[in-house]
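Participant: This is coords.cif, which holds mmCIF, C-alpha atoms:
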```
data_model
loop_
_atom_site.label_atom_id
_atom_site.label_comp_id
_atom_site.auth_asym_id
_atom_site.auth_seq_id
_atom_site.Cartn_x
_atom_site.Cartn_y
_atom_site.Cartn_z
CA MET A 1217 0.00 0.00 0.00
CA ALA A 1218 1.25 3.46 -0.86
CA LEU A 1219 -0.13 6.95 -0.22
CA PRO A 1220 -3.11 7.85 -2.48
CA ARG A 1221 -1.97 9.04 -5.93
CA SER A 1222 -3.05 12.68 -5.50
CA ILE A 1223 -1.00 12.99 -2.29
CA ARG A 1224 1.99 11.32 -3.96
CA ASP A 1225 1.73 13.73 -6.91
CA LEU A 1226 1.60 16.70 -4.57
CA SER A 1227 4.57 15.36 -2.63
CA ASP A 1228 6.57 14.79 -5.86
CA ARG A 1229 5.98 18.38 -6.89
CA PHE A 1230 7.02 19.72 -3.52
CA SER A 1231 10.20 17.64 -3.66
CA SER A 1232 11.11 19.44 -6.93
CA LEU A 1233 11.41 22.70 -4.98
CA PRO A 1234 14.84 23.93 -3.85
CA GLY A 1235 15.65 22.75 -0.31
CA VAL A 1236 12.77 20.27 0.05
CA GLY A 1237 13.70 16.56 0.34
CA PRO A 1238 11.38 13.54 -0.10
CA LYS A 1239 10.58 13.02 3.63
CA LEU A 1240 9.71 16.68 4.15
CA SER A 1241 7.65 16.77 0.96
CA ASN A 1242 5.58 13.76 2.15
CA ARG A 1243 4.99 15.49 5.46
CA ILE A 1244 3.94 18.72 3.73
CA ALA A 1245 1.65 16.91 1.26
CA LEU A 1246 -0.12 15.07 4.07
CA TYR A 1247 -0.34 18.21 6.19
CA LEU A 1248 -2.03 20.08 3.34
CA SER A 1249 -4.37 17.18 2.44
CA ILE A 1250 -5.74 16.59 5.91
CA SER A 1251 -4.54 18.94 8.63
CA ASN A 1252 -4.64 22.32 6.95
CA ARG A 1253 -6.89 22.53 3.89
CA LYS A 1254 -7.35 26.25 4.37
CA LEU A 1255 -3.61 26.70 3.80
CA ALA A 1256 -3.83 24.40 0.74
CA SER A 1257 -6.46 26.61 -0.85
CA ARG A 1258 -4.57 29.78 0.09
CA LEU A 1259 -1.43 28.39 -1.49
CA GLU A 1260 -3.45 27.58 -4.59
CA ASP A 1261 -4.66 31.20 -4.78
CA SER A 1262 -1.17 32.58 -4.21
CA LEU A 1263 0.35 30.40 -6.91
CA LYS A 1264 -2.29 31.60 -9.35
CA ASP A 1265 -1.64 35.17 -8.25
CA VAL A 1266 2.13 35.16 -8.84
CA THR A 1267 1.71 33.42 -12.19
CA GLU A 1268 -0.71 36.13 -13.29
CA LYS A 1269 0.98 39.20 -11.80
CA ILE A 1270 4.72 38.72 -11.58
CA ARG A 1271 6.98 39.70 -14.45
CA LEU A 1272 10.52 41.03 -14.81
CA CYS A 1273 11.38 44.75 -14.95
CA ASN A 1274 12.24 45.81 -18.52
CA ASN A 1275 15.33 47.68 -17.30
CA CYS A 1276 16.95 45.75 -14.40
CA PHE A 1277 15.12 42.37 -14.57
CA ASN A 1278 14.06 42.51 -10.94
CA VAL A 1279 10.67 40.88 -10.17
CA THR A 1280 7.76 43.29 -10.22
CA ASP A 1281 4.01 43.51 -10.50
CA ASN A 1282 4.28 46.81 -12.39
CA GLU A 1283 3.66 47.02 -16.15
CA ASP A 1284 7.01 48.28 -17.40
CA LEU A 1285 9.62 49.26 -14.80
CA CYS A 1286 9.98 47.97 -11.23
CA GLU A 1287 9.47 50.33 -8.30
CA ILE A 1288 13.20 50.91 -7.97
CA CYS A 1289 13.85 51.79 -11.64
CA ASP A 1290 10.66 53.85 -11.63
CA ASN A 1291 11.78 55.89 -8.61
CA SER A 1292 13.37 59.15 -9.80
CA GLU A 1293 14.99 59.66 -6.37
CA ARG A 1294 17.28 56.65 -6.83
CA ASP A 1295 20.83 57.48 -7.93
CA SER A 1296 21.04 56.40 -11.57
CA SER A 1297 24.84 56.73 -11.68
CA THR A 1298 25.47 53.36 -10.00
CA ILE A 1299 24.28 49.85 -10.85
CA LEU A 1300 24.64 47.03 -8.33
CA VAL A 1301 24.80 43.64 -10.08
CA VAL A 1302 23.23 40.62 -8.31
CA GLU A 1303 22.58 36.99 -9.22
CA THR A 1304 18.89 36.82 -8.15
CA PRO A 1305 16.27 39.20 -6.71
CA LEU A 1306 16.89 37.62 -3.25
CA GLU A 1307 20.28 39.33 -2.96
CA LEU A 1308 18.72 42.56 -4.21
CA TYR A 1309 16.19 42.56 -1.36
CA SER A 1310 18.88 41.61 1.19
CA ILE A 1311 20.83 44.67 0.12
CA GLU A 1312 17.68 46.85 0.10
CA GLU A 1313 17.12 45.86 3.74
CA THR A 1314 20.34 47.59 4.77
CA GLY A 1315 18.86 50.95 3.62
CA GLU A 1316 22.42 51.86 2.66
CA TYR A 1317 22.25 51.69 -1.13
CA LYS A 1318 20.40 54.34 -3.14
CA GLY A 1319 21.40 53.40 -6.69
CA LEU A 1320 19.90 51.02 -9.26
CA TYR A 1321 20.34 47.27 -9.73
CA HIS A 1322 20.81 44.71 -12.46
CA VAL A 1323 19.67 41.11 -11.89
CA LEU A 1324 21.66 38.56 -13.93
CA HIS A 1325 19.31 35.62 -13.20
CA GLY A 1326 22.24 33.27 -12.94
CA ILE A 1327 26.02 33.16 -12.78
CA ILE A 1328 28.64 32.07 -15.33
CA SER A 1329 29.29 28.41 -14.51
CA PRO A 1330 31.02 26.18 -17.09
CA VAL A 1331 30.38 23.13 -14.83
CA ASN A 1332 26.63 23.73 -15.09
CA GLY A 1333 26.84 24.71 -18.77
CA ILE A 1334 25.93 28.34 -18.10
CA GLY A 1335 27.78 30.81 -20.33
CA PRO A 1336 27.58 34.63 -20.56
CA ASP A 1337 24.70 34.48 -23.08
CA GLU A 1338 22.49 32.42 -20.73
CA ILE A 1339 22.29 35.25 -18.21
CA LYS A 1340 21.42 38.96 -18.50
CA ILE A 1341 24.92 40.24 -19.32
CA ASN A 1342 24.13 41.58 -22.81
CA GLU A 1343 21.23 43.48 -21.27
CA LEU A 1344 23.65 45.09 -18.77
CA ILE A 1345 26.03 46.09 -21.58
CA ASN A 1346 23.07 47.65 -23.44
CA ARG A 1347 22.18 49.68 -20.36
CA LEU A 1348 25.75 51.00 -20.21
CA GLN A 1349 25.75 51.91 -23.88
CA ASN A 1350 22.41 53.70 -23.67
CA ASN A 1351 22.89 55.58 -20.37
CA SER A 1352 25.85 57.92 -20.26
CA GLU A 1353 25.11 58.86 -16.63
CA ILE A 1354 26.30 55.47 -15.30
CA GLU A 1355 29.59 55.93 -13.42
CA GLU A 1356 30.00 52.73 -11.41
CA ILE A 1357 29.10 49.04 -11.54
CA ILE A 1358 29.18 47.36 -8.10
CA PHE A 1359 29.28 43.54 -8.10
CA GLY A 1360 27.18 42.00 -5.32
CA LEU A 1361 27.80 38.40 -6.39
CA ASN A 1362 28.48 35.55 -3.95
CA PRO A 1363 32.22 35.53 -3.04
CA ASN A 1364 33.15 32.21 -4.66
CA LEU A 1365 34.84 31.03 -7.86
CA GLU A 1366 31.74 31.54 -10.04
CA GLY A 1367 30.89 34.94 -8.57
CA ASP A 1368 34.49 36.16 -8.96
CA SER A 1369 34.76 34.84 -12.55
CA THR A 1370 31.50 36.51 -13.52
CA SER A 1371 32.61 39.86 -12.03
CA LEU A 1372 35.89 39.60 -13.91
CA TYR A 1373 34.20 38.66 -17.20
CA ILE A 1374 31.82 41.62 -17.01
CA THR A 1375 34.63 43.97 -15.96
CA ASN A 1376 36.55 43.02 -19.12
CA GLU A 1377 33.46 43.53 -21.27
CA VAL A 1378 32.98 46.97 -19.70
CA LYS A 1379 36.62 47.90 -20.37
CA ASP A 1380 36.16 46.98 -24.04
CA LEU A 1381 33.34 49.54 -24.28
CA ASP A 1382 35.85 52.28 -23.51
CA LEU A 1383 33.39 54.20 -21.34
CA ASP A 1384 34.32 56.04 -18.16
CA VAL A 1385 32.75 53.40 -15.86
CA LYS A 1386 34.37 52.12 -12.67
CA THR A 1387 33.81 48.48 -11.57
CA THR A 1388 33.94 47.56 -7.87
CA ARG A 1389 32.73 44.69 -5.70
CA LEU A 1390 31.46 44.21 -2.13
CA ALA A 1391 34.37 43.94 0.34
CA LYS A 1392 35.50 40.43 1.27
CA GLY A 1393 36.30 39.86 4.93
CA ILE A 1394 35.08 38.64 8.29
CA PRO A 1395 31.29 39.04 8.74
CA THR A 1396 30.36 41.40 11.59
CA GLY A 1397 29.40 39.43 14.71
CA SER A 1398 31.17 36.24 13.62
CA SER A 1399 34.04 34.43 15.37
CA ILE A 1400 37.52 34.52 13.86
CA GLU A 1401 38.03 31.02 15.27
CA TYR A 1402 35.37 29.63 12.92
CA MET A 1403 36.44 31.48 9.76
CA SER A 1404 38.02 29.54 6.90
CA SER A 1405 41.71 30.10 6.10
CA GLN A 1406 40.67 31.67 2.81
CA THR A 1407 38.43 34.21 4.58
CA LEU A 1408 41.18 35.08 7.05
CA SER A 1409 43.78 35.40 4.25
CA ASP A 1410 41.44 37.71 2.34
CA SER A 1411 40.69 39.84 5.38
CA LEU A 1412 44.39 40.09 6.24
CA ARG A 1413 45.36 41.08 2.72
CA ARG A 1414 42.56 43.65 2.50
CA ARG A 1415 43.01 45.02 6.04
CA ASP A 1416 42.16 48.68 6.50
CA GLY A 1417 42.84 51.48 8.95
CA VAL A 1418 41.18 51.59 12.39
CA GLU A 1419 39.05 54.71 12.66
CA MET B 756 11.71 48.30 -1.26
CA ALA B 757 10.33 44.86 -0.54
CA LEU B 758 9.39 41.90 -2.73
CA PRO B 759 6.11 42.41 -4.68
CA ARG B 760 3.04 41.62 -2.56
CA SER B 761 2.00 38.47 -4.45
CA ILE B 762 5.46 36.93 -3.94
CA ARG B 763 5.44 37.92 -0.26
CA ASP B 764 2.01 36.32 0.19
CA LEU B 765 3.19 33.12 -1.47
CA SER B 766 6.31 33.10 0.69
CA ASP B 767 4.26 33.68 3.88
CA ARG B 768 2.08 30.70 3.06
CA PHE B 769 5.05 28.46 2.35
CA SER B 770 6.60 29.47 5.66
CA SER B 771 3.46 28.19 7.44
CA LEU B 772 4.32 24.66 6.26
CA PRO B 773 6.11 22.26 8.61
CA GLY B 774 9.89 22.39 8.15
CA VAL B 775 9.99 25.52 5.94
CA GLY B 776 11.67 28.62 7.42
CA PRO B 777 11.43 32.22 6.15
CA LYS B 778 14.66 32.18 4.07
CA LEU B 779 13.72 28.94 2.30
CA SER B 780 10.15 30.12 1.71
CA ASN B 781 11.42 33.32 0.01
CA ARG B 782 13.66 31.21 -2.20
CA ILE B 783 10.80 28.87 -3.10
CA ALA B 784 8.37 31.74 -3.80
CA LEU B 785 10.83 33.44 -6.13
CA TYR B 786 11.72 30.15 -7.82
CA LEU B 787 8.06 29.49 -8.57
CA SER B 788 7.33 33.07 -9.69
CA ILE B 789 10.14 33.36 -12.21
CA SER B 790 12.28 30.25 -12.71
CA ASN B 791 9.72 27.44 -12.82
CA ARG B 792 6.17 28.54 -13.63
CA LYS B 793 5.34 25.11 -14.99
CA LEU B 794 5.94 23.68 -11.51
CA ALA B 795 3.84 26.50 -10.01
CA SER B 796 0.87 25.55 -12.16
CA ARG B 797 1.39 21.84 -11.48
CA LEU B 798 1.46 22.52 -7.75
CA GLU B 799 -1.76 24.50 -8.15
CA ASP B 800 -3.42 21.51 -9.88
CA SER B 801 -2.16 19.06 -7.27
CA LEU B 802 -3.39 21.19 -4.39
CA LYS B 803 -6.82 21.35 -6.01
CA ASP B 804 -6.70 17.62 -6.57
CA VAL B 805 -5.96 16.61 -2.97
CA THR B 806 -8.56 19.06 -1.66
CA GLU B 807 -11.18 17.48 -3.92
CA LYS B 808 -10.22 13.82 -3.63
CA ILE B 809 -8.65 13.09 -0.26
CA ARG B 810 -10.77 12.10 2.70
CA LEU B 811 -10.37 9.89 5.76
CA CYS B 812 -11.36 6.20 5.83
CA ASN B 813 -14.61 5.67 7.78
CA ASN B 814 -13.10 2.78 9.70
CA CYS B 815 -9.40 3.48 10.41
CA PHE B 816 -9.10 7.21 9.52
CA ASN B 817 -6.24 6.65 7.09
CA VAL B 818 -6.10 9.03 4.10
CA THR B 819 -7.84 7.67 1.02
CA ASP B 820 -9.38 8.65 -2.29
CA ASN B 821 -12.00 5.88 -1.95
CA GLU B 822 -15.61 6.66 -1.08
CA ASP B 823 -16.05 4.71 2.17
CA LEU B 824 -13.17 2.50 3.28
CA CYS B 825 -9.45 2.86 2.47
CA GLU B 826 -7.70 0.20 0.39
CA ILE B 827 -6.38 -1.52 3.49
CA CYS B 828 -9.72 -1.78 5.34
CA ASP B 829 -11.37 -2.76 2.05
CA ASN B 830 -8.92 -5.62 1.45
CA SER B 831 -10.45 -8.91 2.72
CA GLU B 832 -7.01 -10.54 2.70
CA ARG B 833 -5.77 -8.33 5.54
CA ASP B 834 -5.86 -9.92 8.99
CA SER B 835 -8.75 -8.25 10.81
CA SER B 836 -7.74 -9.67 14.20
CA THR B 837 -5.03 -7.04 14.79
CA ILE B 838 -5.14 -3.25 14.74
CA LEU B 839 -1.93 -1.25 14.65
CA VAL B 840 -2.41 2.21 16.16
CA VAL B 841 -0.42 5.12 14.65
CA GLU B 842 -0.36 8.87 15.17
CA THR B 843 -0.52 9.92 11.48
CA PRO B 844 -0.76 8.21 8.06
CA LEU B 845 3.00 8.81 7.56
CA GLU B 846 3.83 6.15 10.17
CA LEU B 847 1.26 3.84 8.60
CA TYR B 848 3.01 4.03 5.22
CA SER B 849 6.43 3.59 6.84
CA ILE B 850 5.16 0.34 8.40
CA GLU B 851 3.50 -0.76 5.15
CA GLU B 852 6.88 -0.43 3.43
CA THR B 853 8.32 -3.21 5.61
CA GLY B 854 5.80 -5.64 4.07
CA GLU B 855 5.81 -7.34 7.49
CA TYR B 856 2.40 -6.36 8.80
CA LYS B 857 -0.79 -7.86 7.36
CA GLY B 858 -3.36 -6.55 9.83
CA LEU B 859 -5.43 -3.37 9.97
CA TYR B 860 -4.59 0.11 11.30
CA HIS B 861 -6.10 2.90 13.32
CA VAL B 862 -4.86 6.46 12.79
CA LEU B 863 -5.26 8.65 15.90
CA HIS B 864 -4.46 11.94 14.10
CA GLY B 865 -2.59 13.18 17.13
CA ILE B 866 -1.24 12.08 20.48
CA ILE B 867 -2.32 12.82 24.06
CA SER B 868 -0.27 15.86 25.04
CA PRO B 869 -1.29 17.96 28.06
CA VAL B 870 1.44 20.51 27.21
CA ASN B 871 -0.21 21.15 23.84
CA GLY B 872 -3.72 20.94 25.30
CA ILE B 873 -4.53 17.70 23.46
CA GLY B 874 -6.65 15.31 25.52
CA PRO B 875 -8.08 11.86 24.64
CA ASP B 876 -11.22 13.38 23.09
CA GLU B 877 -9.22 15.49 20.62
CA ILE B 878 -7.87 12.39 18.85
CA LYS B 879 -9.55 9.27 17.42
CA ILE B 880 -9.56 7.18 20.63
CA ASN B 881 -13.33 6.89 21.04
CA GLU B 882 -13.48 5.68 17.44
CA LEU B 883 -10.94 2.95 18.27
CA ILE B 884 -12.99 1.87 21.33
CA ASN B 885 -16.09 1.70 19.09
CA ARG B 886 -14.24 -0.55 16.66
CA LEU B 887 -13.33 -2.90 19.52
CA GLN B 888 -16.91 -2.99 20.82
CA ASN B 889 -18.36 -3.69 17.38
CA ASN B 890 -15.82 -6.25 16.13
CA SER B 891 -15.46 -9.35 18.26
CA GLU B 892 -12.74 -10.75 15.96
CA ILE B 893 -10.15 -8.21 17.19
CA GLU B 894 -7.53 -10.00 19.30
CA GLU B 895 -4.67 -7.57 19.53
CA ILE B 896 -3.96 -3.84 19.51
CA ILE B 897 -0.36 -3.00 18.56
CA PHE B 898 0.83 0.52 19.42
CA GLY B 899 3.08 2.01 16.75
CA LEU B 900 3.44 5.42 18.44
CA ASN B 901 6.70 7.34 18.62
CA PRO B 902 8.78 6.02 21.55
CA ASN B 903 8.65 9.11 23.74
CA LEU B 904 6.69 10.32 26.76
CA GLU B 905 3.58 11.27 24.80
CA GLY B 906 3.55 8.07 22.76
CA ASP B 907 4.01 5.90 25.84
CA SER B 908 1.34 7.79 27.82
CA THR B 909 -1.12 7.45 24.95
CA SER B 910 -0.46 3.68 24.67
CA LEU B 911 -0.96 3.30 28.41
CA TYR B 912 -4.14 5.40 28.41
CA ILE B 913 -5.69 3.33 25.60
CA THR B 914 -4.56 0.07 27.23
CA ASN B 915 -6.44 1.03 30.40
CA GLU B 916 -9.53 1.92 28.39
CA VAL B 917 -9.34 -1.45 26.63
CA LYS B 918 -9.01 -3.26 29.98
CA ASP B 919 -12.15 -1.51 31.21
CA LEU B 920 -14.08 -3.01 28.28
CA ASP B 921 -13.37 -6.48 29.67
CA LEU B 922 -12.84 -7.95 26.19
CA ASP B 923 -10.26 -10.59 25.38
CA VAL B 924 -7.94 -8.13 23.60
CA LYS B 925 -4.18 -8.09 24.07
CA THR B 926 -2.29 -4.76 23.86
CA THR B 927 1.31 -4.71 22.67
CA ARG B 928 3.71 -2.13 21.37
CA LEU B 929 6.62 -2.02 18.94
CA ALA B 930 9.84 -3.20 20.59
CA LYS B 931 12.07 -0.52 22.05
CA GLY B 932 14.66 -1.32 19.41
CA ILE B 933 13.73 2.07 18.04
CA PRO B 934 15.99 4.74 19.53
CA THR B 935 14.01 6.74 22.12
CA GLY B 936 13.37 10.30 20.99
CA SER B 937 13.52 9.52 17.26
CA SER B 938 10.63 9.57 14.78
CA ILE B 939 9.16 6.40 13.24
CA GLU B 940 8.76 8.25 9.97
CA TYR B 941 12.55 8.44 9.56
CA MET B 942 13.45 4.87 10.54
CA SER B 943 14.75 2.32 8.04
CA SER B 944 12.48 -0.55 7.03
CA GLN B 945 14.83 -2.98 8.81
CA THR B 946 14.54 -1.14 12.13
CA LEU B 947 10.76 -1.17 11.77
CA SER B 948 10.69 -4.90 10.85
CA ASP B 949 12.78 -5.74 13.92
CA SER B 950 10.63 -3.72 16.27
CA LEU B 951 7.46 -5.26 14.83
CA ARG B 952 8.77 -8.79 15.38
CA ARG B 953 9.91 -8.03 18.98
CA ARG B 954 6.78 -6.20 20.12
CA ASP B 955 5.97 -6.69 23.84
CA GLY B 956 3.18 -6.10 26.40
CA VAL B 957 2.25 -2.67 27.78
CA GLU B 958 2.85 -2.57 31.54
#
```
Output the file's structure in the form of structure tokens.

Facilitator:
Amino acid sequence: MALPRSIRDLSDRFSSLPGVGPKLSNRIALYLSISNRKLASRLEDSLKDVTEKIRLCNNCFNVTDNEDLCEICDNSERDSSTILVVETPLELYSIEETGEYKGLYHVLHGIISPVNGIGPDEIKINELINRLQNNSEIEEIIFGLNPNLEGDSTSLYITNEVKDLDLDVKTTRLAKGIPTGSSIEYMSSQTLSDSLRRRDGVE
Amino acid sequence: MALPRSIRDLSDRFSSLPGVGPKLSNRIALYLSISNRKLASRLEDSLKDVTEKIRLCNNCFNVTDNEDLCEICDNSERDSSTILVVETPLELYSIEETGEYKGLYHVLHGIISPVNGIGPDEIKINELINRLQNNSEIEEIIFGLNPNLEGDSTSLYITNEVKDLDLDVKTTRLAKGIPTGSSIEYMSSQTLSDSLRRRDGVE
């Protein structure tokens, strides 16, 4: 005897989601089928809602429910001289939460990764180059990509592309170092090496 | 700036599921809104499907898509002299996977837990007592409840109720070969087979 087909189907679909394994997906499927049907129908509504409303901004490719530009690109008070490049909208909203950054963004929707067969044309790099060519007010590109091999390679690739354009645009990236509130004891050698090499003055 | 409302709503609903925290639910909501819309619409269909089709068996309260009895209760080849009592259908299907047990089940849909305000009347204990009173062929009740304080108390409570009925029904429980504090749902088939074979009397 196995779980009824409709519960197994639901469980299979949940297990296709990032971060959800087969045991958890069974538990979720059963929870929604018998313990919390109200949540099941709310989830149904929400899924329909995002499918109908969510699209990507025509300028930065952030998620939005606006027609053309997202709220950030559409906001004339944002500083249009800097573009912060991120892999997904999740990093964008993490950075927005700091309240520190007032410029614009560009969401690549991926990262250059030869191992996973993802080249520059699979992600929104050409779209970033177009923005640079069509907006002379852009002065700086800040890379907010994860500090690993793929993130670093992607930053370097785009930096070289930007240089080739021969525009007066600076490329920078988020500082690498020890996260505030962490313990030096638990940092990797690589993190400590980076933070030692990039040490700065005590103010 | 925050994520668009429809994505936030979807994320909130995912974070109400067991085992899904706020970071994972954001990731899932974004994944479904932009990266995998096909999965979003399949999930929608599946949620509709379980809501329409899944109900509880009228005899043992297992999940089923049958009209009256589940496939196990409806199967005349199952041994109707034993009832194995579980907390949720997940444990039932874990035990079914061993292929060792040929009797019937009873799903309590909960466990006696004073801390969580769950008493005997909140779970399907009266329904189990009714089954015993109406079926003279039942010879044994096997408790397949998680081996912890609540599981043991529930087994003991039901055993006392059964004694009061003055029927010739034996109560046993799965052998304590299962590590105390663990969950039946996550045990290997072998561990479950062993504990089924070594079941002993409730004292």

Participant: Check what the PyMOL selection byres ((chain B and resi 955) around 10) selects in the file above and give those residues as a list of chain:residue names.

Facilitator: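 Applied to this file, the PyMOL selection byres ((chain B and resi 955) around 10) selects B:Ile897, B:Phe898, B:Thr926, B:Thr927, B:Arg928, B:Leu929, B:Ala930, B:Lys931, B:Ser950, B:Leu951, B:Arg952, B:Arg953, B:Arg954, B:Gly956, B:Val957, B:Glu958.
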
Participant: Name the residues in contact with Ser1231 (chain A) at a cut-off of 10 Å, using only C-alpha atoms, excluding same-chain residues fewer than 6 positions from it; report them as an NGL selection string.

Facilitator: :A and (1225 or 1237-1242 or 1244-1245)

Participant: Cα RMSD of chain B on chain A, all Cα atoms paired in order, least-squares fit?

Facilitator: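 The fitted C-alpha deviation between chain A and chain B is 5.8 Å.
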
Participant: Any chance you could resolve the PyMOL selection byres ((chain A and resi 1351) around 12) against this file and give the residues as a PyMOL selection string?

Facilitator: chain A and resi 1275+1296-1299+1344-1350+1352-1356+1383-1385

Participant: Given the PyMOL selection byres ((chain A) within 8 of (chain B)) and the file above, list the residues it selects as a ChimeraX atom specification.

Facilitator: /A:1217-1220,1222-1223,1225-1226,1229-1230,1233-1235,1239-1240,1242-1244,1246-1250,1253,1255-1260,1262-1267,1269-1271,1279-1281,1287-1288,1305-1306,1309,1312-1313

Participant: So that I can check the surroundings of Arg833 (chain B), please list as a tab-separated table (two decimals) with C-alpha atoms, in the coordinates of the input every protein, DNA and RNA residue that reaches within 10 Å of it, counting all atoms listed in the file and ignoring chain neighbours fewer than 6 positions away.

Facilitator:
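Full text of result-v2.tsv as output:
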```tsv
chain	number	residue	atom	x	y	z
B	827	ILE	CA	-6.38	-1.52	3.49
B	856	TYR	CA	2.40	-6.36	8.80
B	857	LYS	CA	-0.79	-7.86	7.36
B	858	GLY	CA	-3.36	-6.55	9.83
B	859	LEU	CA	-5.43	-3.37	9.97
```

Participant: For CA of Lys925 (chain B) and CA of Ser910 (chain B), quote the distance in Å rounded to one decimal.

Facilitator: 12.4 Å

Participant: Go through A:Glu1366, A:Pro1336, A:Thr1375, A:Glu1303 and flag the residue nearest Phe1277 (chain A), using only C-alpha atoms for the distances.

Facilitator: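 Distance minimum relative to Phe1277 (chain A) lands on A:Glu1303.
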
Participant: Could you work out how far CA of Ile939 (chain B) lies from CA of Leu824 (chain B), giving the answer in Å with one decimal?

Facilitator: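 That distance, rounded to one decimal, is 24.8 Å.
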
Participant: Go ahead and compute the interatomic distance for CA of Thr1396 (chain A) and CA of Asp1295 (chain A), in Å to one decimal.

Facilitator: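 Answer for the CA of Thr1396 (chain A) to CA of Asp1295 (chain A) separation: 27.0 Å.
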
Participant: Using only C-alpha atoms - which residues lie no farther than 6 Å from the point (25.8, 37.8, -6.3) in the file's frame? Write them as a list in words.

Facilitator: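 The requested residues, written out, are Val1302, Glu1303, Gly1360, Leu1361 and Asn1362 of chain A.
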
Participant: Keeping only C-alpha atoms, write the selected residues as a tab-separated table (two decimals), in the coordinates of the input.

Facilitator:
```tsv
chain	number	residue	atom	x	y	z
A	1302	VAL	CA	23.23	40.62	-8.31
A	1303	GLU	CA	22.58	36.99	-9.22
A	1360	GLY	CA	27.18	42.00	-5.32
A	1361	LEU	CA	27.80	38.40	-6.39
A	1362	ASN	CA	28.48	35.55	-3.95
```

Participant: Select, from B:Cys812, B:Gly936, B:Ser948, B:Asn871, the residue with the minimum atom-to-atom distance to Leu904 (chain B), counting only C-alpha atoms.

Facilitator: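 Looking at the shortest contact to Leu904 (chain B), the residue is B:Gly936.
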